[in-house]
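Novice: If you scroll down you'll find the structure; I have some questions about it.
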Amino acid sequence: MKLVGQFDSPYVRRVAISMRVLGVAFEHVPWSIGSDQQRVAELNPLGQVPAVVLDDGEVLVDSNAILDHLDQLAGPRALVPASGADRRRVLQLATIALGVADKARLQATERFFRPASTRHEPYVERLRTQMLGAGSSLERTCRERAGAEWLFGSALSQADISLGCALTYAKEAAGFPLDDHAFTALRERHARIEALPMFREIYTPFDAPVV
């Protein structure tokens, strides 16, 4: 199995960490959507990463679809519960966390790809407000789970993985203020997750694109 994309992407990184947790061996192909756009587009017509090439040559795209496949392979060890309220809760937490990354990515796009003279600051400010609003929601959850090792249940789940990857990216790419007193519980939770061995191993700092 091959995983295409660089680890400074929170979407690629959460797939790689999930693979490591589930014991799924993979070859990492660190193509960039910038310098390797043509090769990426041959795998994914959207020209985006991650993409996973299965052993039989089938290509899966989008981190959610890839992770769903990995969970099916994992069975009872899946990182998202199979059904019911537990499944909805983990998916909800992961979605809010990835929303933080999404809003950070759009801010970074405005900053690095749009000329300052054409940048619409109210739009950028709205993106930041949305990012911080999602962060506040996660902060409340982290406060509620302050005495628990994991965000949900008694084991690492996709909620923890997505939160760690999303917050690291948002801090590096869009200056998410994790050091602010308003995010004390979130900062502590994030630090605990990022200290896990697979998070330390599977990590590349955000590198602003050259345009």
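Starting from 1 in every chain, residues are counted up; chains themselves are A, B, ... following the order of the structure tokens, and ligands are numbered from 1 as listed.
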Pick out the residues sitting within 10 Å of Phe26 of chain A, and hand them over as a PyMOL selection string; count only C-alpha atoms, and ignore anything fewer than 2 positions along from it in its own chain.
Specialist: chain A and resi 1-4+16+19-20+23-24+28-29+52-55
Novice: Determine, counting only C-alpha atoms, which protein, DNA and RNA residues have an atom within 9 Å of an atom of segment 78-86 of chain A; residues of the same chain fewer than 2 positions away are not included. Present the result as a PyMOL selection string.
Specialist: chain A and resi 18+21-22+67-68+70-76+88-91+152-153+155-159
Novice: Could you pull out the strand (DSSP E) residues of chain A, going by DSSP on the backbone, and write them as a PDB file with C-alpha atoms, in the first residue's frame?
Specialist:
```pdb
ATOM      1  CA  LYS A   2       1.286   3.468  -0.903  1.00  0.00           C
ATOM      2  CA  LEU A   3       0.362   6.743   0.794  1.00  0.00           C
ATOM      3  CA  VAL A   4       0.853   9.785  -1.412  1.00  0.00           C
ATOM      4  CA  GLU A  27       5.205   3.052   1.512  1.00  0.00           C
ATOM      5  CA  HIS A  28       5.289   6.817   1.816  1.00  0.00           C
ATOM      6  CA  VAL A  29       5.381   8.716  -1.489  1.00  0.00           C
ATOM      7  CA  ALA A  51      -4.225   9.370  -2.110  1.00  0.00           C
ATOM      8  CA  VAL A  52      -3.718   5.730  -1.234  1.00  0.00           C
ATOM      9  CA  VAL A  53      -2.792   3.112  -3.803  1.00  0.00           C
ATOM     10  CA  VAL A  59      -6.692   4.304  -5.748  1.00  0.00           C
ATOM     11  CA  LEU A  60      -8.576   5.828  -2.821  1.00  0.00           C
ATOM     12  CA  VAL A  61      -8.780   9.604  -2.403  1.00  0.00           C
TER      13      VAL A  61
END
```
Novice: Which is closest to Thr95 of chain A among A:Gly135, A:Pro30, A:Pro115, A:Pro45, if we use only C-alpha atoms?
Specialist: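 That would be A:Gly135, the residue with the smallest distance to Thr95 of chain A.
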Novice: Any idea what the distance is between atom CA of Glu188 of chain A and atom CA of Phe176 of chain A?
Specialist: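 Answer for the atom CA of Glu188 of chain A to atom CA of Phe176 of chain A separation: 14.5 Å.
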Novice: Segment 5-208 of chain A: which residues are helix (DSSP H, G or I) by DSSP, as a VMD selection string?
Specialist: chain A and resid 10 to 22 37 to 43 63 to 77 84 to 113 116 to 118 121 to 144 158 to 174 181 to 194 197 to 201
Novice: Just checking: using only C-alpha atoms, which residue out of A:Ala170, A:Cys142, A:Ile33, A:Cys165 ends up closest to Arg105 of chain A?
Specialist: A:Ala170
Novice: In terms of the shortest atom-to-atom distance over only C-alpha atoms, which of A:Phe183, A:Tyr11, A:Tyr203, A:Phe112 is closest to Ser162 of chain A?
Specialist: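 Selected residue with least distance to Ser162 of chain A: A:Tyr11.
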Novice: Give me, please, the distance in Å between atom CA of Arg145 of chain A and atom CA of Pro197 of chain A, quoted to one decimal.
Specialist: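 Separation between atom CA of Arg145 of chain A and atom CA of Pro197 of chain A: 21.9 Å.
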Novice: Measuring between only C-alpha atoms, which one of A:Phe206, A:Gln38, A:Arg77, A:Gln107 shows the shortest distance to Tyr169 of chain A?
Specialist: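 The closest residue to Tyr169 of chain A is A:Phe206.
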Novice: List the neighbours of Ala146 of chain A out to 12 Å using only C-alpha atoms; skip same-chain residues closer than 3 positions along the sequence, and give me the result as a list in words.
Specialist: Leu138, Glu139, Arg140, Thr141, Cys142, Arg143, Glu149, Trp150, Leu151, Phe152, Thr184, Ala185, Leu186, Arg187, Glu188, Arg189, His190 and Arg192 of chain A
Novice: Write out as a PyMOL selection string which residues come within 12 Å of Ser9 of chain A when counting only C-alpha atoms, dropping same-chain ones fewer than 3 positions away.
Specialist: chain A and resi 4-6+12-16+30-33+48-50+63+98+101-102+104-105+162+165-170+172-173+202-208
Novice: To one decimal place in Å, what is the distance between atom CA of Pro177 of chain A and atom CA of Ala108 of chain A?
Specialist: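 These atoms are spaced 15.1 Å apart.
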